[in-house]
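Notes follow the structure.
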Amino acid sequence: MRTSLCCLALIATYLGFCTFYEAGIVDDTLIFLRYAENALSGVGVVFNAGDRVEGYTSPLWLLLLIIGGLLPLNLDSLALGLSSAFGIASVLLVLFEGGRRGGFFLSFCVALILCVAPPFVYWTHSGMGTALFAFLLTLFFLFLERDSRASSPPLRSGFLLSLCILSRPEAAALVPLGSAWIYFSRRGPGQNGLKAIGAFLSPLIIIVLHLLWRFSYYDSLLPNTYFAKAGIPLSARLSSGLSYSLNFFKAYAVYLLVTAVGILLALRNLLGKEKGNSIRDLTLPGLLVANWVLVVIYSGGDHFAMYRFFVPILPLLSLLGLRILRHALERSEMPKTRYVYSSLGILAALILGYHFRRSDVISVIESLLLIIPALLIAYALRSSAKLQSLFPHNNSMVATGLLVLLAFTLNFQFAMNSRDARTAKYEVTLVDTWTRVGLWLKSHVPADTTIAAITMGAIPYRSGLKTLDLVGLTDRTIARKGNIKAEAATGHQKYLSEYVLRSGPQIIVHPSAAATKKKLESPGSNLVEKWHYSILDLLKHREMRESYDLQHFELEDAQYMVLFVRKDFSGLRSSKPAQ
C-alpha cells in the first residue's frame, strides 16, 4: 500500500512538473526521428537518401525508436513517451534502492526532489535518449556495486556497461573505472581479480560487433558527430567544458554540496579515520560522478540550456546524497545532535542554493510560501496514526527529509527564474517554428529540392527534403574537412562555405524563418556569430551574394518565411515574395 501510493505520487508529480516547466520535444529529437523514419521506410539508416552518414549520438536510442516504430504509433509520441518512461524509471530506482536500506520516507523525499529537478524534467521529457542513458547508468552503478561483493562473475554490470556505451559513446570512459573497481574488490582469499575483469569486459563483444557494423555501413569506426566536434582545439574544448560544469554547480549548488561532502567522507574512510561500509557506499557513486564530470569537461560541454550532459548523473547524485544523510544520522548518538547535524547541512545547502537571482519582494514571498506544504506534511505525520503506519520512521529521518525537500525546492525555485530556464522553454517553442518552416517548404517546393540549414531536426523531418547540414553534424565533408570557429557554440563550430556553394542547394534557410514579424533589413540581420557563423561566413563570399536572393514570404499571421533562394531556382509553387 505504502509503496504503491509513493510510486503513484512520484509519477503524478513528474508528469505535473513536465507541464509546469513547459518541457517537450526539442529539435535534436527530430534528427533521430528522421533516421528512424528512413529506416522504417526502407531508405536505410541514413539522414539523406543515398548518403550514409551517422549523424546521431545514441545508437541504442535510435534502435528503440525503430523497433517502436513498427507499432502503429506516431514517432513523435513514441519518442516522448519512451523518454518519459525512462525518466520515471530512474526516479523509482532511487526510491526502491534508498528504501531497501530503511528510512523509506527519506528515500521518498529524495526521489521527489529528483522528479521535480528542472534539468531532469526538461531532458527526460524531451524525446531524446538522455533519459535512457540516465536509467542505464544508474542500473550499472547498482549492479557494479552488487557484483563487486558477489562471488559470481560480474556479467550483469558488464552487460549494462555495454548498453551504456551504445546509449552514449562517451560512457566508454567508464571501462577503466569499472575494471579497477572489480579488480580491487575481488582481491580477497579465493578470488581472482584478473579473471573477474575478464568476465566484466566479456559483454563488450556487443560493442565490437556494433563497431564492425558501423564500419561496414558508414565506412567509419567513429560516428560523424565525433568528427564534427573533435577537431576543436583541446584548450578551447577544456575551457568551454570547465565553464559549463562550473555554471551547472553554481546554478544547482546543492548538488555541489552533495558531491563535496561525499568526497570528503570517502577520503575520511580511505585514510582510515573511519571504518565500515561507508567506504563503498560513498566512494563508488562519488567516483562515477567525478568520472562523468571529467568526461563533460573534456567534451566541451553542450550548447543546450538546462545542462543536458549532467542529467545522467542526477540519479547517482540523489543516491549519493541519500547515503550522506544516512551516514550523518547514523553517527549522531543523541536525537538533538541529529537535528542539529541535519539542520546545519540543510542551512549550508540553502545558503549555497540562494544566488540572489531575484531579490524583489514577490519572489521572497513565493519562496516563503513553499514552506507551507512542508509544515502541513510534518503536522500530518505527527498527528495521523494512519500516515505513521504508512511511513515507519524516526523523528530525525522525517525532519531531515522535510528539510532536504525544502532546501532543494527553494534552489529549484530560484533556478527557474534564471535566463537558462527561459532559454530551455524557448528550445521547445522553436520546434513549432521549425515545424512550420518544414511544412511550408514541403507544400511549396518540389520533392527533389535540396535545402541547407543549421538546425537539422524539424525542418528536414517535416519537409522530407534532402538537407545539407551547414555545421556538419550530418555531413561527412564539413565534419572532417570543415574550418573551425572555436568561439562559436559547441556543435556549431564547423563550417565550409566553399563546399556549400559548390553543392548549390536551391534554398538556404535563414534562422529567422517563420519567426519574424517584419522584413529583415539585410541578409545578416538577426544572425549571431556564436550560433550562426556558418551562414555569416557564407555571406562573405561573392558567389553567395551573386547567386542567392534574400526573399520574404508573408504568412497568414503577418509573419514572414525568410529564405535565401538561388536566383536560377523556379520551383517555388504558388508563392510570391512579399513586396
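We name chains A, B, ... following the order of the C-alpha cells; residues begin at 1 in each chain, and ligands are numbered from 1 as shown.
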
Shell around Ile31 of chain A at 9 Å using only C-alpha atoms, local window under 2 positions removed, as number ranges by chain: A: 27-29, 33-36, 47, 55-56, 456-458, 460-461

d(atom CA of Met306 of chain A, atom CA of Val428 of chain A) in Å: 12.1 Å

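Every protein or nucleic acid residue with an atom no more than 7 Å from segment 72-84 of chain A, counting only C-alpha atoms and leaving out same-chain residues fewer than 4 positions away, appears here: Ile25, Leu33, Leu65, Ile88, Thr124, His125, Ser126, Gly127, Met128, Gly129, Ala131 and Leu132 of chain A.
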
Those same residues - N, CA and C atoms - I'd like them written as a PDB file, in the first residue's frame.
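Okay, this is what ended up in out-v5.pdb:
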ATOM      1  N   ILE A  25       9.337  18.108 -26.691  1.00  0.00           N
ATOM      2  CA  ILE A  25      10.300  17.683 -27.713  1.00  0.00           C
ATOM      3  C   ILE A  25      11.167  18.855 -28.155  1.00  0.00           C
ATOM      4  N   LEU A  33      14.255  10.978 -35.263  1.00  0.00           N
ATOM      5  CA  LEU A  33      13.026  10.556 -35.934  1.00  0.00           C
ATOM      6  C   LEU A  33      13.211  10.500 -37.448  1.00  0.00           C
ATOM      7  N   LEU A  65      13.669   3.402 -31.093  1.00  0.00           N
ATOM      8  CA  LEU A  65      12.676   4.147 -31.882  1.00  0.00           C
ATOM      9  C   LEU A  65      12.282   3.372 -33.143  1.00  0.00           C
ATOM     10  N   ILE A  88      10.894   8.326 -15.436  1.00  0.00           N
ATOM     11  CA  ILE A  88      10.148   7.824 -14.275  1.00  0.00           C
ATOM     12  C   ILE A  88      10.842   6.613 -13.680  1.00  0.00           C
ATOM     13  N   THR A 124      14.461  14.557 -19.602  1.00  0.00           N
ATOM     14  CA  THR A 124      13.852  13.235 -19.659  1.00  0.00           C
ATOM     15  C   THR A 124      12.468  13.291 -20.297  1.00  0.00           C
ATOM     16  N   HIS A 125      11.954  14.497 -20.517  1.00  0.00           N
ATOM     17  CA  HIS A 125      10.673  14.662 -21.201  1.00  0.00           C
ATOM     18  C   HIS A 125      10.889  15.432 -22.503  1.00  0.00           C
ATOM     19  N   SER A 126      11.957  15.065 -23.211  1.00  0.00           N
ATOM     20  CA  SER A 126      12.321  15.784 -24.431  1.00  0.00           C
ATOM     21  C   SER A 126      12.308  14.903 -25.674  1.00  0.00           C
ATOM     22  N   GLY A 127      12.115  13.596 -25.481  1.00  0.00           N
ATOM     23  CA  GLY A 127      12.185  12.689 -26.622  1.00  0.00           C
ATOM     24  C   GLY A 127      13.598  12.298 -26.994  1.00  0.00           C
ATOM     25  N   MET A 128      14.585  12.810 -26.273  1.00  0.00           N
ATOM     26  CA  MET A 128      15.990  12.457 -26.524  1.00  0.00           C
ATOM     27  C   MET A 128      16.360  11.196 -25.727  1.00  0.00           C
ATOM     28  N   GLY A 129      17.539  10.635 -26.033  1.00  0.00           N
ATOM     29  CA  GLY A 129      17.996   9.438 -25.336  1.00  0.00           C
ATOM     30  C   GLY A 129      18.636   9.709 -23.993  1.00  0.00           C
ATOM     31  N   ALA A 131      17.299  10.296 -21.078  1.00  0.00           N
ATOM     32  CA  ALA A 131      16.649   9.540 -20.004  1.00  0.00           C
ATOM     33  C   ALA A 131      17.066   8.072 -20.025  1.00  0.00           C
ATOM     34  N   LEU A 132      17.198   7.518 -21.222  1.00  0.00           N
ATOM     35  CA  LEU A 132      17.651   6.127 -21.344  1.00  0.00           C
ATOM     36  C   LEU A 132      19.033   5.963 -20.736  1.00  0.00           C
TER      37      LEU A 132
END

Atom-to-atom span, atom CA of Tyr252 of chain A and atom CA of Thr130 of chain A, Å: 18.8 Å

Nearest to Ala230 of chain A by atom-to-atom distance, counting only C-alpha atoms, from A:Val43, A:Arg545, A:Gly300, A:Ile454: A:Gly300

Contact residues around segment 217-229 of chain A with only C-alpha atoms at 8 Å, ignoring same-chain residues under 6 positions, as a PyMOL selection string: chain A and resi 52-57+211+471-476+478-480+490-491+493-494

Take the residues that were just selected and, keeping all heavy atoms, output them as a short mmCIF file (atom, residue, chain, number, x, y, z; two decimals), in the first residue's frame.
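Generated output (part05.cif):
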data_model
loop_
_atom_site.label_atom_id
_atom_site.label_comp_id
_atom_site.auth_asym_id
_atom_site.auth_seq_id
_atom_site.Cartn_x
_atom_site.Cartn_y
_atom_site.Cartn_z
N ARG A 52 25.29 7.72 -46.67
CA ARG A 52 25.44 7.01 -45.40
C ARG A 52 26.35 7.78 -44.45
O ARG A 52 27.57 7.72 -44.54
CB ARG A 52 25.99 5.61 -45.64
CG ARG A 52 25.03 4.70 -46.40
CD ARG A 52 25.53 3.27 -46.44
NE ARG A 52 24.57 2.38 -47.07
CZ ARG A 52 24.70 1.04 -47.14
NH1 ARG A 52 25.79 0.48 -46.62
NH2 ARG A 52 23.79 0.31 -47.73
N VAL A 53 25.73 8.50 -43.55
CA VAL A 53 26.44 9.30 -42.55
C VAL A 53 25.76 9.09 -41.20
O VAL A 53 24.53 9.22 -41.09
CB VAL A 53 26.43 10.80 -42.90
CG1 VAL A 53 27.16 11.60 -41.83
CG2 VAL A 53 27.08 11.04 -44.26
N GLU A 54 26.54 8.76 -40.19
CA GLU A 54 25.99 8.53 -38.84
C GLU A 54 25.96 9.86 -38.09
O GLU A 54 26.90 10.22 -37.39
CB GLU A 54 26.83 7.50 -38.08
CG GLU A 54 26.23 7.12 -36.75
CD GLU A 54 27.06 6.08 -36.00
OE1 GLU A 54 28.08 5.62 -36.56
OE2 GLU A 54 26.70 5.73 -34.87
N GLY A 55 24.84 10.56 -38.21
CA GLY A 55 24.71 11.86 -37.57
C GLY A 55 23.89 11.84 -36.30
O GLY A 55 23.41 12.88 -35.86
N TYR A 56 23.74 10.68 -35.68
CA TYR A 56 23.02 10.56 -34.42
C TYR A 56 24.01 10.18 -33.32
O TYR A 56 25.09 9.63 -33.58
CB TYR A 56 21.90 9.53 -34.51
CG TYR A 56 22.31 8.18 -35.08
CD1 TYR A 56 22.77 7.16 -34.26
CD2 TYR A 56 22.24 7.94 -36.45
CE1 TYR A 56 23.15 5.93 -34.78
CE2 TYR A 56 22.63 6.72 -36.99
CZ TYR A 56 23.08 5.71 -36.15
OH TYR A 56 23.46 4.50 -36.67
N THR A 57 23.66 10.44 -32.08
CA THR A 57 24.60 10.28 -30.97
C THR A 57 24.30 9.10 -30.07
O THR A 57 25.08 8.81 -29.17
CB THR A 57 24.60 11.55 -30.09
OG1 THR A 57 23.25 11.84 -29.69
CG2 THR A 57 25.16 12.74 -30.87
N LEU A 211 30.75 -1.91 -33.73
CA LEU A 211 31.81 -1.20 -34.46
C LEU A 211 32.02 -1.81 -35.84
O LEU A 211 32.23 -1.09 -36.82
CB LEU A 211 33.11 -1.24 -33.66
CG LEU A 211 33.17 -0.37 -32.41
CD1 LEU A 211 34.49 -0.61 -31.66
CD2 LEU A 211 33.04 1.11 -32.76
N VAL A 471 26.59 22.90 -40.33
CA VAL A 471 27.60 22.75 -39.27
C VAL A 471 28.17 21.34 -39.22
O VAL A 471 28.98 21.02 -38.35
CB VAL A 471 27.02 23.15 -37.90
CG1 VAL A 471 26.68 24.62 -37.87
CG2 VAL A 471 25.80 22.31 -37.54
N GLY A 472 27.75 20.46 -40.14
CA GLY A 472 28.44 19.20 -40.35
C GLY A 472 28.05 18.02 -39.50
O GLY A 472 28.63 16.94 -39.64
N LEU A 473 27.07 18.14 -38.60
CA LEU A 473 26.73 17.00 -37.75
C LEU A 473 26.22 15.82 -38.58
O LEU A 473 26.46 14.66 -38.23
CB LEU A 473 25.69 17.41 -36.71
CG LEU A 473 26.15 18.44 -35.68
CD1 LEU A 473 25.01 18.82 -34.76
CD2 LEU A 473 27.31 17.88 -34.85
N THR A 474 25.54 16.10 -39.68
CA THR A 474 25.05 15.02 -40.55
C THR A 474 25.69 15.09 -41.93
O THR A 474 25.17 14.50 -42.88
CB THR A 474 23.51 15.09 -40.69
OG1 THR A 474 23.15 16.34 -41.28
CG2 THR A 474 22.83 14.96 -39.34
N ASP A 475 26.81 15.80 -42.04
CA ASP A 475 27.51 15.92 -43.33
C ASP A 475 28.97 15.50 -43.15
O ASP A 475 29.70 16.09 -42.35
CB ASP A 475 27.44 17.35 -43.86
CG ASP A 475 28.02 17.47 -45.25
OD1 ASP A 475 29.24 17.68 -45.36
OD2 ASP A 475 27.26 17.35 -46.22
N ARG A 476 29.39 14.51 -43.90
CA ARG A 476 30.73 13.96 -43.75
C ARG A 476 31.82 14.96 -44.12
O ARG A 476 32.83 15.09 -43.42
CB ARG A 476 30.85 12.71 -44.64
CG ARG A 476 32.18 11.98 -44.54
CD ARG A 476 32.23 10.86 -45.57
NE ARG A 476 31.17 9.91 -45.34
CZ ARG A 476 31.29 8.82 -44.56
NH1 ARG A 476 32.44 8.58 -43.96
NH2 ARG A 476 30.28 8.00 -44.40
N ILE A 478 31.89 18.42 -44.24
CA ILE A 478 32.08 19.53 -43.31
C ILE A 478 32.62 19.04 -41.97
O ILE A 478 33.48 19.68 -41.36
CB ILE A 478 30.75 20.29 -43.11
CG1 ILE A 478 30.32 20.94 -44.42
CG2 ILE A 478 30.88 21.35 -42.02
CD1 ILE A 478 29.00 21.68 -44.35
N ALA A 479 32.17 17.87 -41.51
CA ALA A 479 32.63 17.34 -40.23
C ALA A 479 34.12 17.05 -40.25
O ALA A 479 34.83 17.32 -39.28
CB ALA A 479 31.85 16.08 -39.88
N ARG A 480 34.63 16.52 -41.37
CA ARG A 480 36.03 16.10 -41.43
C ARG A 480 36.96 17.17 -42.00
O ARG A 480 38.13 17.22 -41.63
CB ARG A 480 36.15 14.82 -42.27
CG ARG A 480 35.60 13.57 -41.56
CD ARG A 480 35.39 12.43 -42.56
NE ARG A 480 35.07 11.18 -41.88
CZ ARG A 480 33.88 10.88 -41.38
NH1 ARG A 480 32.90 11.76 -41.47
NH2 ARG A 480 33.67 9.72 -40.79
N THR A 490 29.22 25.14 -28.88
CA THR A 490 29.55 23.73 -29.09
C THR A 490 28.57 23.10 -30.08
O THR A 490 27.36 23.23 -29.94
CB THR A 490 29.49 22.97 -27.75
OG1 THR A 490 30.37 23.58 -26.83
CG2 THR A 490 29.87 21.51 -27.94
N GLY A 491 29.12 22.42 -31.09
CA GLY A 491 28.28 21.82 -32.12
C GLY A 491 28.01 22.74 -33.30
O GLY A 491 27.46 22.30 -34.31
N GLN A 493 30.61 24.89 -34.46
CA GLN A 493 31.94 25.47 -34.69
C GLN A 493 32.52 25.13 -36.05
O GLN A 493 33.50 25.73 -36.47
CB GLN A 493 32.89 25.00 -33.58
CG GLN A 493 32.49 25.54 -32.20
CD GLN A 493 33.07 24.72 -31.06
OE1 GLN A 493 32.91 23.50 -31.01
NE2 GLN A 493 33.75 25.38 -30.15
N LYS A 494 31.95 24.15 -36.76
CA LYS A 494 32.46 23.77 -38.07
C LYS A 494 31.69 24.50 -39.18
O LYS A 494 30.48 24.71 -39.08
CB LYS A 494 32.33 22.25 -38.27
CG LYS A 494 33.29 21.40 -37.44
CD LYS A 494 34.71 21.52 -37.96
CE LYS A 494 35.68 20.62 -37.22
NZ LYS A 494 35.58 19.21 -37.62
#

Distance query Glu529 of chain A at most 10 Å, only C-alpha atoms, self and fewer than 4 positions along chain excluded, as a list in words: Lys485, Glu487, Ala488, Ala489, His492, Tyr533, Ser534, Ile535, Leu536 and Asp537 of chain A

Would you output that residue set with N, CA, C and O atoms, as a short mmCIF file (atom, residue, chain, number, x, y, z; two decimals), in the first residue's frame?
data_model
loop_
_atom_site.label_atom_id
_atom_site.label_comp_id
_atom_site.auth_asym_id
_atom_site.auth_seq_id
_atom_site.Cartn_x
_atom_site.Cartn_y
_atom_site.Cartn_z
N LYS A 485 35.51 27.56 -36.05
CA LYS A 485 35.32 28.81 -35.33
C LYS A 485 35.22 28.45 -33.85
O LYS A 485 34.15 28.12 -33.33
N GLU A 487 35.26 30.00 -31.15
CA GLU A 487 34.44 30.82 -30.25
C GLU A 487 32.95 30.55 -30.37
O GLU A 487 32.15 31.00 -29.54
N ALA A 488 32.55 29.80 -31.40
CA ALA A 488 31.13 29.52 -31.61
C ALA A 488 30.64 28.51 -30.58
O ALA A 488 31.43 27.88 -29.86
N ALA A 489 29.33 28.35 -30.51
CA ALA A 489 28.73 27.41 -29.56
C ALA A 489 29.13 25.98 -29.91
O ALA A 489 29.36 25.65 -31.08
N HIS A 492 28.39 24.02 -33.18
CA HIS A 492 28.18 24.99 -34.25
C HIS A 492 29.52 25.60 -34.71
O HIS A 492 29.54 26.68 -35.28
N TYR A 533 27.51 31.29 -37.30
CA TYR A 533 28.72 31.71 -38.00
C TYR A 533 28.81 31.08 -39.39
O TYR A 533 29.34 31.69 -40.32
N SER A 534 28.30 29.86 -39.55
CA SER A 534 28.39 29.19 -40.86
C SER A 534 27.65 30.00 -41.94
O SER A 534 28.08 30.05 -43.10
N ILE A 535 26.54 30.65 -41.58
CA ILE A 535 25.82 31.49 -42.54
C ILE A 535 26.51 32.85 -42.70
O ILE A 535 26.60 33.38 -43.81
N LEU A 536 26.99 33.40 -41.60
CA LEU A 536 27.71 34.68 -41.69
C LEU A 536 28.93 34.55 -42.60
O LEU A 536 29.25 35.47 -43.36
N ASP A 537 29.60 33.42 -42.52
CA ASP A 537 30.76 33.22 -43.40
C ASP A 537 30.32 33.07 -44.85
O ASP A 537 31.00 33.54 -45.77
#
